[in-house]
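These notes are about the structure you will find just below.
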Number of protein chains: 2
Amino acid sequence: MKITLEDIKKARKELQQYLAPSPMLFNSWLSESLGCEIYLKLENMQPIGSFKIRGATYKISRLSASQRKRGVIAASAGNHAQGVAWGARQLGASALIVMPTGAPIVKLQNTKALGAEVVLRGENYDQAYAIAREIAEKTNRVFVHAFEDEAVIAGQGTAGLEILEQLPDVDFVVGSVGGGGLMAGISTAIKVLKPKVQLVGCQSSGASSMIQSIRTGKAVKLESSHTFADGIAVIQASEKLRKILSSQIDHWVEVDEEAIAASILTLLEKAKILSEGAGAVAFAALEQLKTKIRGKKVVLIISGGNIDVNLLSRIIDLGLIRSGRRLRVNVLLSDRPGSLANLTRLIAKQGANILQAIHDRSEPFTKIDQTDVALTLETRGPDHSAAVIKALKTKVLRLELVH
Amino acid sequence: MKITLEDIKKARKELQQYLAPSPMLFNSWLSESLGCEIYLKLENMQPIGSFKIRGATYKISRLSASQRKRGVIAASAGNHAQGVAWGARQLGASALIVMPTGAPIVKLQNTKALGAEVVLRGENYDQAYAIAREIAEKTNRVFVHAFEDEAVIAGQGTAGLEILEQLPDVDFVVGSVGGGGLMAGISTAIKVLKPKVQLVGCQSSGASSMIQSIRTGKAVKLESSHTFADGIAVIQASEKLRKILSSQIDHWVEVDEEAIAASILTLLEKAKILSEGAGAVAFAALEQLKTKIRGKKVVLIISGGNIDVNLLSRIIDLGLIRSGRRLRVNVLLSDRPGSLANLTRLIAKQGANILQAIHDRSEPFTKIDQTDVALTLETRGPDHSAAVIKALKTKVLRLELVH
């Protein structure tokens, strides 16, 4: 498999009919706090909320009239599904998508809303993929692979051309890697046109199949993946992609789930954008690149924003706990009139807000003259939390921190 | 009070040194669903997350060297505070901000982080305002009013010039009104340059002081405000602003709190941006403008994005309930082995996800052979919710919908 700059330029020309360049925004807050210039390449603002629209649409645009008439098929748990559905609709092809049964309701609905037929089968991506291959065989539909496809990679690479136009003197481009199509395409464009630009590939440590493949020098298959960043949860790395990436990506960074959750929250609060886990990985990686990027111009590819809002709710909670702004404690009080009033007065005096207080006197495991209160508090940060804990300890019989 | 196009052009020239134009993005999903062209003017992506940076910075830039040396003072519960702090820092003035004691922790911290001194006094904006006026008197600091100030309004009006440059053939500009400075400035610029553009002012029905003032023909003071859109919770309307707005705003729209919450959620899910209540009001208003805007080019001013994430968490919940995607029911089961297992199996079969199930057998108010289960379910929408309820009713002793 070989993708050239010319392939990507051709894809660019074709895609211009369908897609405007995605925005790239300088962010002053992130820049100040990291001591460099941070630019966000907002693929989450694509019509389907993800960069996958590029590769899928370009792939379908290159099919012959008779191939398009046969229709396309793909396997995906989310963004590629929507990309294929969108591209097929634009180009008048029918699309059939196999999604694993546990796919998020929102992604399922969005794919259907774009006119694709959705079949829910298989317990994970790999099983859905196998089923889609079978159906493709039987129905003669054209299979659109999510990343192991030259046209798809050339399509994703068009983001690289846009980056160089939007910020010609960029120093670093940081993006996440699932299958690797995005960074393969982008790095191909950038390494030819501006070889000095440093490319950084990021993965969740719960699904680091490509990083392990790069390290060991051959494509790795994980036993399982453990990440809420479903967009980059790829178990079987592609050997073809490994070859491309191993020569074109300068740095690899693994980040943990908590850091990804905290990054989603930071991007929401400080950049006012919604990023899915796969998109926030690039920001999470900066923590490990701090000294390298100081004073440099850094482009973060926010690859997508299709996160289920129920999950987002939980991530906000997790992020607040991690950043020390939400405190959960269980305290034991003597069960006297006014003891709860004293407790809440103390908390108010400390300047913390009570988000939840569960005071359950029917709890059977405490002594008759004692009572448990489970508190969720909002604080200004770790120092404030520590001060609140210290103050509480002087007034309660026992205090347990809940993590 | 009189602001001219020339004043706004002068403000534009001055502010260009400090601020890049805020982005304006076409949104395909919102456009398709509303049958018009929707463009988002993203003031939430300003360095302080709100348009207030324009007016406050311009005001401070026009002060004499000796005035700047005396420092500035303002009263604000949030965004204007950050605007003044940011502008003062840029221009080397000291800033003192009076915030009401209940101001959100995040806004307090952000204002301090910009180098301003913050005094927490007064129970609401009006009290903080009176205290700030007193301190200004005593300390000789220059008072920077949040909206009743010609320089501040001229600064906000620069957003109007940008809109006409970014989308010359705009038909509608929709923005929220608190004090009214933003829409006064924008409408001044636009009504002179393109009188055919229709301007729409929006308020929350819980704090519609300006709409009531426009209707009655004189500035109204509300008894209180009831809105989580703190950025536009203005109790005392300004007569000066009323005069400007009454001749320049073509349509007024009032929206309720639920609609604002749902709009924050839609902007998050479909546009991938975070808007505060005051920013989402403009989108919420479209529901009432549907027929007017069909086929038109509509600019929504997303005035700010400084929303507390704890509040966001609650808004997501509220928005999901309102849009029929979250269902809360209490069901009564007979307390037999396997009854909970049967219940959860039924729910899974219906394709709903269980987000929370509280099964409390120690609940003292149910009969000995019965048990209560409080369920929070994720569904695909109102139709799906109705189907789930119908299926549940066939299997439980009693079902209560929780609103």
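Chain labels follow the order of the structure tokens: the first chain is A, the next B, and so on; residue numbering restarts at 1 in every chain, and ligands are counted from 1 in their shown order.
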Inset, instruction - Could you list, as an NGL selection string, the residues of chain B having an atom within 8 Å of chain A when counting only C-alpha atoms? - result: :B and (27-29 or 44-45 or 47 or 49 or 105-106 or 109 or 268-275 or 305-307 or 309-310 or 313 or 316 or 379-380)
Legend entry - Polymer residues at most 9 Å from Val396 of chain A, only C-alpha atoms, same-chain spacing of 3 or more positions, as a PyMOL selection string: chain A and resi 331-334+343+392-393+399
Legend entry - Filtered DSSP result for segment 119-261 of chain A, state strand (DSSP E), as a list in words: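 Result set for segment 119-261 of chain A (strand (DSSP E)): Val119, Leu120, Val142, Phe143, Phe172, Val173, Val174, Gly175, Ser176, Gln198, Leu199, Val200, Gly201, Cys202, Gln203, Ser204, His251, Trp252, Val253, Glu254 and Val255 of chain A.
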Inset, instruction - Using atom CA of Met99 of chain A and atom CA of Gly83 of chain A as the two end points, give the distance in Å to one decimal. - result: 13.5 Å
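Atom to atom, atom CA of Ser204 of chain A and atom CA of Ala132 of chain A stand 26.4 Å apart.
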Legend entry - Nearby residues (only C-alpha atoms) at most 9 Å from His145 of chain B, same-chain spacing under 2 positions excluded, as a ChimeraX atom specification: /B:56,73-75,80,143,147-149,152
Okay, now the selection with C-alpha atoms, as an mmCIF file, in the first residue's frame?
```cif
data_model
loop_
_atom_site.group_PDB
_atom_site.id
_atom_site.type_symbol
_atom_site.label_atom_id
_atom_site.label_comp_id
_atom_site.auth_asym_id
_atom_site.auth_seq_id
_atom_site.Cartn_x
_atom_site.Cartn_y
_atom_site.Cartn_z
ATOM 1 C CA ALA B 56 -14.777 46.257 28.208
ATOM 2 C CA ILE B 73 -13.908 49.017 38.815
ATOM 3 C CA ALA B 74 -16.953 47.041 37.730
ATOM 4 C CA ALA B 75 -19.812 45.022 39.120
ATOM 5 C CA HIS B 80 -18.292 41.413 32.201
ATOM 6 C CA PHE B 143 -16.469 52.683 36.749
ATOM 7 C CA PHE B 147 -24.002 48.011 29.080
ATOM 8 C CA GLU B 148 -25.102 51.577 29.757
ATOM 9 C CA ASP B 149 -21.977 53.126 28.256
ATOM 10 C CA VAL B 152 -18.945 49.606 25.734
#
```
Inset, instruction - Excluding Ala219 of chain B and any residue of its chain fewer than 5 positions from it, enumerate the residues within 8 Å of it, using only C-alpha atoms, and give them as a list in words. - result: Ser209, Met210, Ser213, Ile214, Gln236, Ala237, Ser238, Glu239 and Arg242 of chain B
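All residues of protein, DNA or RNA that reach within 10 Å of Tyr129 of chain B, judged by only C-alpha atoms and not counting those fewer than 5 positions away in the chain, are Ala74, Ala75, Ser76, Ala77, Ile97, Val98, Met99, Pro100, Arg121, Gly122, Asn124, Glu134, Ile135 and His145 of chain B.
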Inset, instruction - Select, from B:Ala113, B:Ile60, B:Ile293, B:Val298, the residue with the minimum atom-to-atom distance to Leu164 of chain B, counting only C-alpha atoms. - result: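 Ranking B:Ala113, B:Ile60, B:Ile293, B:Val298 by distance to Leu164 of chain B, first place goes to B:Val298.
Among the candidates A:Gln203, A:Thr188, A:Phe228, A:Leu241, the one nearest to Ala261 of chain A when counting only C-alpha atoms is A:Phe228.
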Legend entry - Surrounding residues of Ala357 of chain B excluding itself and chain neighbours under 6 positions, 10 Å, only C-alpha atoms, as a PyMOL selection string: chain B and resi 328-330+340+344+373-377
Let me see the file: selected residues, all heavy atoms, as a PDB file, in the first residue's frame.
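And here's out-v8.pdb as it stands now:
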```pdb
ATOM      1  N   ARG B 328     -37.723   8.362  33.536  1.00  0.00           N
ATOM      2  CA  ARG B 328     -37.643   7.985  34.953  1.00  0.00           C
ATOM      3  C   ARG B 328     -38.971   7.398  35.386  1.00  0.00           C
ATOM      4  O   ARG B 328     -40.002   8.065  35.274  1.00  0.00           O
ATOM      5  CB  ARG B 328     -37.314   9.197  35.817  1.00  0.00           C
ATOM      6  CG  ARG B 328     -35.897   9.624  35.641  1.00  0.00           C
ATOM      7  CD  ARG B 328     -35.438  10.536  36.761  1.00  0.00           C
ATOM      8  NE  ARG B 328     -34.090  10.972  36.426  1.00  0.00           N
ATOM      9  CZ  ARG B 328     -33.571  12.144  36.751  1.00  0.00           C
ATOM     10  NH1 ARG B 328     -34.283  12.999  37.455  1.00  0.00           N
ATOM     11  NH2 ARG B 328     -32.350  12.457  36.392  1.00  0.00           N
ATOM     12  N   VAL B 329     -38.937   6.195  35.856  1.00  0.00           N
ATOM     13  CA  VAL B 329     -40.169   5.563  36.332  1.00  0.00           C
ATOM     14  C   VAL B 329     -39.918   4.852  37.660  1.00  0.00           C
ATOM     15  O   VAL B 329     -38.819   4.370  37.929  1.00  0.00           O
ATOM     16  CB  VAL B 329     -40.728   4.523  35.328  1.00  0.00           C
ATOM     17  CG1 VAL B 329     -41.245   5.200  34.069  1.00  0.00           C
ATOM     18  CG2 VAL B 329     -39.686   3.471  34.969  1.00  0.00           C
ATOM     19  N   ASN B 330     -40.929   4.853  38.498  1.00  0.00           N
ATOM     20  CA  ASN B 330     -40.912   4.014  39.694  1.00  0.00           C
ATOM     21  C   ASN B 330     -41.883   2.877  39.446  1.00  0.00           C
ATOM     22  O   ASN B 330     -43.024   3.117  39.050  1.00  0.00           O
ATOM     23  CB  ASN B 330     -41.362   4.804  40.925  1.00  0.00           C
ATOM     24  CG  ASN B 330     -40.349   5.862  41.301  1.00  0.00           C
ATOM     25  OD1 ASN B 330     -39.155   5.700  41.042  1.00  0.00           O
ATOM     26  ND2 ASN B 330     -40.829   6.934  41.912  1.00  0.00           N
ATOM     27  N   LEU B 340     -36.705  -8.956  39.772  1.00  0.00           N
ATOM     28  CA  LEU B 340     -35.845  -7.893  39.255  1.00  0.00           C
ATOM     29  C   LEU B 340     -35.157  -8.347  37.959  1.00  0.00           C
ATOM     30  O   LEU B 340     -35.024  -7.587  36.999  1.00  0.00           O
ATOM     31  CB  LEU B 340     -34.805  -7.489  40.309  1.00  0.00           C
ATOM     32  CG  LEU B 340     -33.976  -6.257  39.967  1.00  0.00           C
ATOM     33  CD1 LEU B 340     -34.843  -5.025  39.780  1.00  0.00           C
ATOM     34  CD2 LEU B 340     -32.917  -6.003  41.042  1.00  0.00           C
ATOM     35  N   THR B 344     -35.386  -6.435  34.328  1.00  0.00           N
ATOM     36  CA  THR B 344     -34.231  -5.945  33.556  1.00  0.00           C
ATOM     37  C   THR B 344     -34.164  -6.643  32.194  1.00  0.00           C
ATOM     38  O   THR B 344     -33.776  -6.036  31.204  1.00  0.00           O
ATOM     39  CB  THR B 344     -32.917  -6.154  34.334  1.00  0.00           C
ATOM     40  OG1 THR B 344     -32.827  -7.524  34.712  1.00  0.00           O
ATOM     41  CG2 THR B 344     -32.882  -5.292  35.578  1.00  0.00           C
ATOM     42  N   VAL B 373     -38.900  -0.296  42.664  1.00  0.00           N
ATOM     43  CA  VAL B 373     -37.660  -0.075  41.921  1.00  0.00           C
ATOM     44  C   VAL B 373     -37.761   1.270  41.209  1.00  0.00           C
ATOM     45  O   VAL B 373     -38.727   1.530  40.494  1.00  0.00           O
ATOM     46  CB  VAL B 373     -37.386  -1.188  40.884  1.00  0.00           C
ATOM     47  CG1 VAL B 373     -36.025  -0.961  40.219  1.00  0.00           C
ATOM     48  CG2 VAL B 373     -37.434  -2.555  41.535  1.00  0.00           C
ATOM     49  N   ALA B 374     -36.776   2.134  41.450  1.00  0.00           N
ATOM     50  CA  ALA B 374     -36.711   3.421  40.751  1.00  0.00           C
ATOM     51  C   ALA B 374     -35.750   3.260  39.585  1.00  0.00           C
ATOM     52  O   ALA B 374     -34.585   2.918  39.769  1.00  0.00           O
ATOM     53  CB  ALA B 374     -36.226   4.506  41.700  1.00  0.00           C
ATOM     54  N   LEU B 375     -36.263   3.464  38.377  1.00  0.00           N
ATOM     55  CA  LEU B 375     -35.457   3.214  37.172  1.00  0.00           C
ATOM     56  C   LEU B 375     -35.190   4.510  36.415  1.00  0.00           C
ATOM     57  O   LEU B 375     -36.078   5.338  36.252  1.00  0.00           O
ATOM     58  CB  LEU B 375     -36.221   2.295  36.221  1.00  0.00           C
ATOM     59  CG  LEU B 375     -36.432   0.845  36.649  1.00  0.00           C
ATOM     60  CD1 LEU B 375     -37.468   0.201  35.732  1.00  0.00           C
ATOM     61  CD2 LEU B 375     -35.110   0.074  36.593  1.00  0.00           C
ATOM     62  N   THR B 376     -33.953   4.671  35.965  1.00  0.00           N
ATOM     63  CA  THR B 376     -33.637   5.729  35.012  1.00  0.00           C
ATOM     64  C   THR B 376     -33.146   5.037  33.743  1.00  0.00           C
ATOM     65  O   THR B 376     -32.177   4.277  33.777  1.00  0.00           O
ATOM     66  CB  THR B 376     -32.557   6.681  35.565  1.00  0.00           C
ATOM     67  OG1 THR B 376     -32.984   7.165  36.831  1.00  0.00           O
ATOM     68  CG2 THR B 376     -32.345   7.853  34.625  1.00  0.00           C
ATOM     69  N   LEU B 377     -33.861   5.283  32.641  1.00  0.00           N
ATOM     70  CA  LEU B 377     -33.571   4.551  31.404  1.00  0.00           C
ATOM     71  C   LEU B 377     -33.182   5.505  30.278  1.00  0.00           C
ATOM     72  O   LEU B 377     -33.703   6.625  30.192  1.00  0.00           O
ATOM     73  CB  LEU B 377     -34.809   3.762  30.960  1.00  0.00           C
ATOM     74  CG  LEU B 377     -35.419   2.804  31.980  1.00  0.00           C
ATOM     75  CD1 LEU B 377     -36.695   2.179  31.411  1.00  0.00           C
ATOM     76  CD2 LEU B 377     -34.421   1.714  32.355  1.00  0.00           C
TER      77      LEU B 377
END
```
Inset, instruction - Select from segment 79-271 of chain B everything DSSP, run on the backbone, classes as helix (DSSP H, G or I), then give the selection as a PyMOL selection string. - result: chain B and resi 79-90+105-113+125-139+150-166+181-193+209-216+230-232+239-248+257-270
